[in-house]
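File shown: entry-v3.txt (compact mmCIF, C-alpha atoms).
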# COMPACT_ATOMS: atom_id res chain seq x y z
CA MET X 279 -117.71 144.32 90.83
CA LEU X 280 -117.24 145.45 94.44
CA LYS X 281 -117.67 149.20 93.96
CA GLU X 282 -120.85 149.09 96.04
CA ILE X 283 -118.89 148.20 99.16
CA LEU X 284 -115.28 149.03 98.28
CA SER X 285 -114.16 152.23 96.58
CA GLY X 286 -111.23 152.41 94.20
CA GLU X 287 -109.71 155.08 96.41
CA SER X 288 -109.68 152.87 99.49
CA CYS X 289 -108.14 150.04 97.47
CA ALA X 290 -105.47 152.31 96.02
CA ALA X 291 -104.57 153.56 99.49
CA CYS X 292 -104.17 150.03 100.87
CA ARG X 293 -103.01 147.52 98.21
CA VAL X 294 -102.66 144.72 100.77
CA CYS X 295 -104.27 142.34 98.27
CA CYS X 296 -101.52 143.01 95.68
CA VAL X 297 -98.53 142.12 97.86
CA PHE X 298 -97.78 138.62 99.09
CA ASP X 299 -95.50 137.07 101.66
CA ARG X 300 -94.52 133.42 101.55
CA ASP X 301 -97.41 132.47 103.87
CA ASP X 302 -100.09 134.04 101.68
CA CYS X 303 -98.71 133.29 98.20
CA TRP X 304 -101.72 130.95 97.82
CA GLU X 305 -103.74 134.17 97.42
CA MET X 306 -102.01 135.08 94.16
CA PRO X 307 -104.67 135.52 91.49
CA LEU X 308 -105.48 132.74 89.08
CA ILE X 309 -104.80 133.70 85.46
CA THR X 310 -107.17 131.98 83.04
CA PRO X 311 -105.83 130.89 79.62
CA ALA X 312 -107.83 133.65 77.88
CA LEU X 313 -106.44 136.35 80.16
CA ALA X 314 -102.92 134.90 79.84
CA LYS X 315 -103.11 135.28 76.05
CA GLU X 316 -104.13 138.93 76.39
CA ILE X 317 -101.36 139.66 78.86
CA GLU X 318 -98.74 137.88 76.73
CA LYS X 319 -99.81 139.92 73.70
CA GLU X 320 -99.99 143.30 75.45
CA MET X 321 -97.25 142.84 78.08
CA PRO X 322 -94.70 140.31 76.81
CA ASP X 323 -92.30 141.00 79.72
CA VAL X 324 -94.83 139.71 82.28
CA LYS X 325 -94.30 136.03 83.01
CA ILE X 326 -97.06 133.60 83.94
CA ARG X 327 -96.28 130.24 85.52
CA LYS X 328 -98.67 127.42 84.61
CA THR X 329 -100.35 125.76 87.60
CA GLY X 330 -102.62 123.40 85.66
CA GLN X 331 -105.06 124.75 83.07
CA CYS X 332 -104.45 128.23 84.45
CA GLY X 333 -101.48 130.06 85.89
CA VAL X 334 -100.21 132.68 88.32
CA PHE X 335 -97.87 135.63 87.85
CA GLU X 336 -94.20 134.87 88.33
CA THR X 337 -92.91 137.15 91.06
CA GLU X 338 -89.75 137.49 93.07
CA TYR X 339 -89.58 138.06 96.79
CA GLY X 340 -87.67 141.16 97.80
CA LYS X 341 -85.33 141.54 100.74
CA ASP X 342 -88.40 142.43 102.81
CA GLY X 343 -89.84 138.96 102.07
CA LEU X 344 -92.67 140.37 99.98
CA ALA X 345 -93.63 139.78 96.35
CA LYS X 346 -95.57 142.51 94.56
CA CYS X 347 -98.03 141.65 91.81
CA PRO X 348 -96.39 142.66 88.50
CA MET X 349 -99.65 144.38 87.50
CA LEU X 350 -99.53 146.79 90.45
CA THR X 351 -98.67 150.32 89.35
CA GLU X 352 -98.77 153.71 91.02
CA ASN X 353 -102.26 154.10 89.51
CA GLY X 354 -103.59 150.70 90.59
CA CYS X 355 -103.89 147.56 88.48
CA ALA X 356 -102.39 147.78 84.99
CA LEU X 357 -105.13 145.41 83.80
CA GLY X 358 -107.97 147.69 84.87
CA GLU X 359 -111.32 146.04 84.24
CA LYS X 360 -109.57 142.99 82.72
CA LYS X 361 -108.03 142.00 86.05
CA PRO X 362 -108.25 138.35 87.13
CA PHE X 363 -111.56 137.22 88.61
CA ASP X 364 -109.83 136.54 91.95
CA CYS X 365 -108.90 140.23 92.05
CA GLN X 366 -112.34 141.38 90.94
CA ILE X 367 -113.98 139.63 93.90
CA TRP X 368 -111.29 140.13 96.57
CA PRO X 369 -111.66 140.16 99.60
CA PHE X 370 -114.25 137.46 98.86
CA ARG X 371 -112.82 133.99 98.19
CA VAL X 372 -114.32 130.70 97.08
CA MET X 373 -113.14 127.90 99.32
CA ARG X 374 -113.84 124.20 99.56
CA LYS X 375 -114.72 122.22 102.65
CA GLY X 376 -115.50 118.62 101.82
CA ASN X 377 -118.05 118.64 98.99
CA LEU X 378 -119.14 122.22 99.71
CA LEU X 379 -118.18 125.46 98.02
CA LEU X 380 -118.05 128.37 100.44
CA LEU X 381 -118.17 132.07 99.67
CA THR X 382 -115.85 133.49 102.32
CA LEU X 383 -114.39 136.86 103.22
CA SER X 384 -110.71 137.47 103.85
CA PRO X 385 -110.25 139.11 107.24
CA VAL X 386 -107.30 141.24 106.06
CA CYS X 387 -109.23 143.84 104.04
CA GLY X 388 -109.52 146.67 106.54
CA THR X 389 -112.10 148.65 104.57
CA VAL X 390 -114.57 145.80 104.15
CA SER X 391 -113.92 144.54 107.68
CA GLU X 392 -115.19 147.89 108.97
CA LEU X 393 -118.58 147.33 107.30
CA SER X 394 -121.48 145.79 109.16
CA VAL X 395 -122.05 142.09 108.71
CA SER X 396 -125.54 142.85 107.39
CA LYS X 397 -124.16 145.15 104.65
CA ILE X 398 -121.59 142.54 103.60
CA SER X 399 -124.27 139.81 103.67
CA GLU X 400 -126.66 141.87 101.53
CA PHE X 401 -123.93 142.44 98.99
CA ALA X 402 -122.81 138.78 99.07
CA VAL X 403 -126.32 137.69 98.12
CA LYS X 404 -126.07 139.81 94.94
CA ILE X 405 -122.79 138.27 93.77
CA THR X 406 -123.01 134.69 95.03
CA ASP X 407 -124.36 133.04 91.87
CA LYS X 408 -121.83 134.78 89.61
CA ILE X 409 -118.95 133.82 91.89
CA PHE X 410 -119.99 130.18 92.21
CA ASP X 411 -120.56 129.95 88.44
CA GLU X 412 -117.00 131.20 87.87
CA ALA X 413 -115.66 128.73 90.45
CA ARG X 414 -117.35 125.84 88.65
CA GLU X 415 -115.93 127.05 85.33
CA ASN X 416 -112.45 127.50 86.81
CA PRO X 417 -112.17 125.01 89.69
CA GLU X 418 -108.50 125.89 90.18
CA MET X 419 -109.61 129.17 91.77
CA VAL X 420 -111.21 127.28 94.66
CA LYS X 421 -108.92 127.21 97.70
CA ASN X 422 -109.14 124.91 100.70
CA TYR X 423 -111.09 126.42 103.56
CA ILE X 424 -109.06 128.22 106.21
CA ASP X 425 -110.46 128.51 109.72
CA GLY X 426 -111.35 132.06 110.61
CA TYR X 427 -112.69 133.07 107.20
CA PRO X 428 -116.34 134.10 107.67
CA VAL X 429 -118.72 132.19 105.37
CA PHE X 430 -121.46 134.12 103.56
CA ALA X 431 -122.85 131.46 101.21
CA VAL X 432 -122.65 127.69 100.71
CA ARG X 433 -123.28 125.51 97.64
CA GLU X 434 -122.65 121.87 96.88
CA SER X 435 -119.75 121.45 94.49
Conversion result in structure tokens:
Amino acid sequence: MLKEILSGESCAACRVCCVFDRDDCWEMPLITPALAKEIEKEMPDVKIRKTGQCGVFETEYGKDGLAKCPMLTENGCALGEKKPFDCQIWPFRVMRKGNLLLLTLSPVCGTVSELSVSKISEFAVKITDKIFDEARENPEMVKNYIDGYPVFAVRES
């Protein structure tokens, strides 16, 4: 979805979005029931912990204090185009502030952060409706707003 502003090569070189410390474990991707069924069928060793209607990957923190997504391989995501919606739109995030849904941008993606605000804004306009539609369909993916995340679109929830 983000190929227009983020190349696969730059993602593969970075992978910051696929590794979590205890402070950013809230960023772990939401696994919808449909995707969970596919993963369970194709990769029975991968464990998914229910968090409501949906779930997240079960991971363990290493001695370095980091947990790697179990889908991360040397070649990128094992799920390819089937990856969770959270991953498809990262570094964009849907957040909630009061009764508003916000399309925000994580400040930790170095590649996207190097782009001009106008280029990011132009791209955000193209994907806003699809992202907010998905957020309404899967409200568990909506995180509470965190100060410092730039906002590119706003909708009432």
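The two atoms in question, CA of Glu287 (chain X) and CA of Ser391 (chain X), are spaced 16.0 Å apart.
Taking CA of Gly354 (chain X) as the reference point, CA of Ala431 (chain X) is found at 29.2 Å.
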Counting all atoms listed in the file, what is within 12 Å of Thr329 (chain X), bar same-chain residues fewer than 6 positions away, as a short mmCIF file (atom, residue, chain, number, x, y, z; two decimals) with C-alpha atoms, keeping the file's coordinate frame?
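File selection.cif, as written:
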data_model
loop_
_atom_site.label_atom_id
_atom_site.label_comp_id
_atom_site.auth_asym_id
_atom_site.auth_seq_id
_atom_site.Cartn_x
_atom_site.Cartn_y
_atom_site.Cartn_z
CA TRP X 304 -101.72 130.95 97.82
CA MET X 306 -102.01 135.08 94.16
CA PRO X 307 -104.67 135.52 91.49
CA LEU X 308 -105.48 132.74 89.08
CA ILE X 309 -104.80 133.70 85.46
CA THR X 310 -107.17 131.98 83.04
CA PRO X 311 -105.83 130.89 79.62
CA PHE X 335 -97.87 135.63 87.85
CA GLU X 336 -94.20 134.87 88.33
CA GLU X 418 -108.50 125.89 90.18
CA MET X 419 -109.61 129.17 91.77
#
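Here CA of Glu352 (chain X) is placed at a distance of 28.3 Å from CA of Ile409 (chain X).
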Can you tell me which residues surround Leu313 (chain X) at a distance of at most 10 Å, considering all atoms listed in the file, apart from same-chain residues fewer than 4 positions away, and format the answer as a list of chain:residue names?
X:Leu308, X:Ile309, X:Ile317, X:Glu318, X:Lys319, X:Cys332, X:Gly333, X:Leu357, X:Lys360, X:Lys361, X:Pro362, X:Phe363
Export C-alpha atoms of the chosen residues as a short mmCIF file (atom, residue, chain, number, x, y, z; two decimals), in the frame of the given file?
data_model
loop_
_atom_site.label_atom_id
_atom_site.label_comp_id
_atom_site.auth_asym_id
_atom_site.auth_seq_id
_atom_site.Cartn_x
_atom_site.Cartn_y
_atom_site.Cartn_z
CA LEU X 308 -105.48 132.74 89.08
CA ILE X 309 -104.80 133.70 85.46
CA ILE X 317 -101.36 139.66 78.86
CA GLU X 318 -98.74 137.88 76.73
CA LYS X 319 -99.81 139.92 73.70
CA CYS X 332 -104.45 128.23 84.45
CA GLY X 333 -101.48 130.06 85.89
CA LEU X 357 -105.13 145.41 83.80
CA LYS X 360 -109.57 142.99 82.72
CA LYS X 361 -108.03 142.00 86.05
CA PRO X 362 -108.25 138.35 87.13
CA PHE X 363 -111.56 137.22 88.61
#
Which polymer residues have any atom within 9 Å of an atom of Cys292 (chain X), counting all atoms listed in the file, with same-chain residues fewer than 6 positions away left out, as a list of chain:residue names?
X:Cys387, X:Gly388, X:Thr389
Residues within 6 Å of Tyr427 (chain X), please, as a PyMOL selection string. Count all atoms listed in the file; anything in the same chain fewer than 5 positions from it doesn't count.
chain X and resi 382-384
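If you measure from each of X:Asn377, X:Gln366, X:Gln331, X:Thr337 to Arg433 (chain X) using only C-alpha atoms, the closest one turns out to be X:Asn377.
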Got a sec: who's within 9 Å of Phe298 (chain X), counting all atoms listed in the file, leaving out chain neighbours fewer than 6 positions off, as a list in words?
Trp304, Glu305, Met306, Tyr339, Gly343, Leu344, Ala345, Lys346 and Cys347 of chain X
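Compared by their closest atoms to Lys328 (chain X), and using all atoms listed in the file, the residues X:Ala290, X:Val395, X:Val420, X:Ala314 rank with X:Ala314 nearest.
The closest residue to Asp425 (chain X), picked from X:Val334, X:Ala291, X:Ala413, X:Leu380 and counting all atoms listed in the file, is X:Leu380.
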Using all atoms listed in the file, can you list as a ChimeraX atom specification the residues within 8 Å of (-116.9, 126.2, 92.6)?
/X:372-374,379,409-417,419-420,435
Saved selection, atoms kept: C-alpha atoms, as a compact mmCIF listing (two decimals), in the coordinates of the input:
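To be explicit, this is the file written out as result_24.txt:
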# COMPACT_ATOMS: atom_id res chain seq x y z
CA VAL X 372 -114.32 130.70 97.08
CA MET X 373 -113.14 127.90 99.32
CA ARG X 374 -113.84 124.20 99.56
CA LEU X 379 -118.18 125.46 98.02
CA ILE X 409 -118.95 133.82 91.89
CA PHE X 410 -119.99 130.18 92.21
CA ASP X 411 -120.56 129.95 88.44
CA GLU X 412 -117.00 131.20 87.87
CA ALA X 413 -115.66 128.73 90.45
CA ARG X 414 -117.35 125.84 88.65
CA GLU X 415 -115.93 127.05 85.33
CA ASN X 416 -112.45 127.50 86.81
CA PRO X 417 -112.17 125.01 89.69
CA MET X 419 -109.61 129.17 91.77
CA VAL X 420 -111.21 127.28 94.66
CA SER X 435 -119.75 121.45 94.49
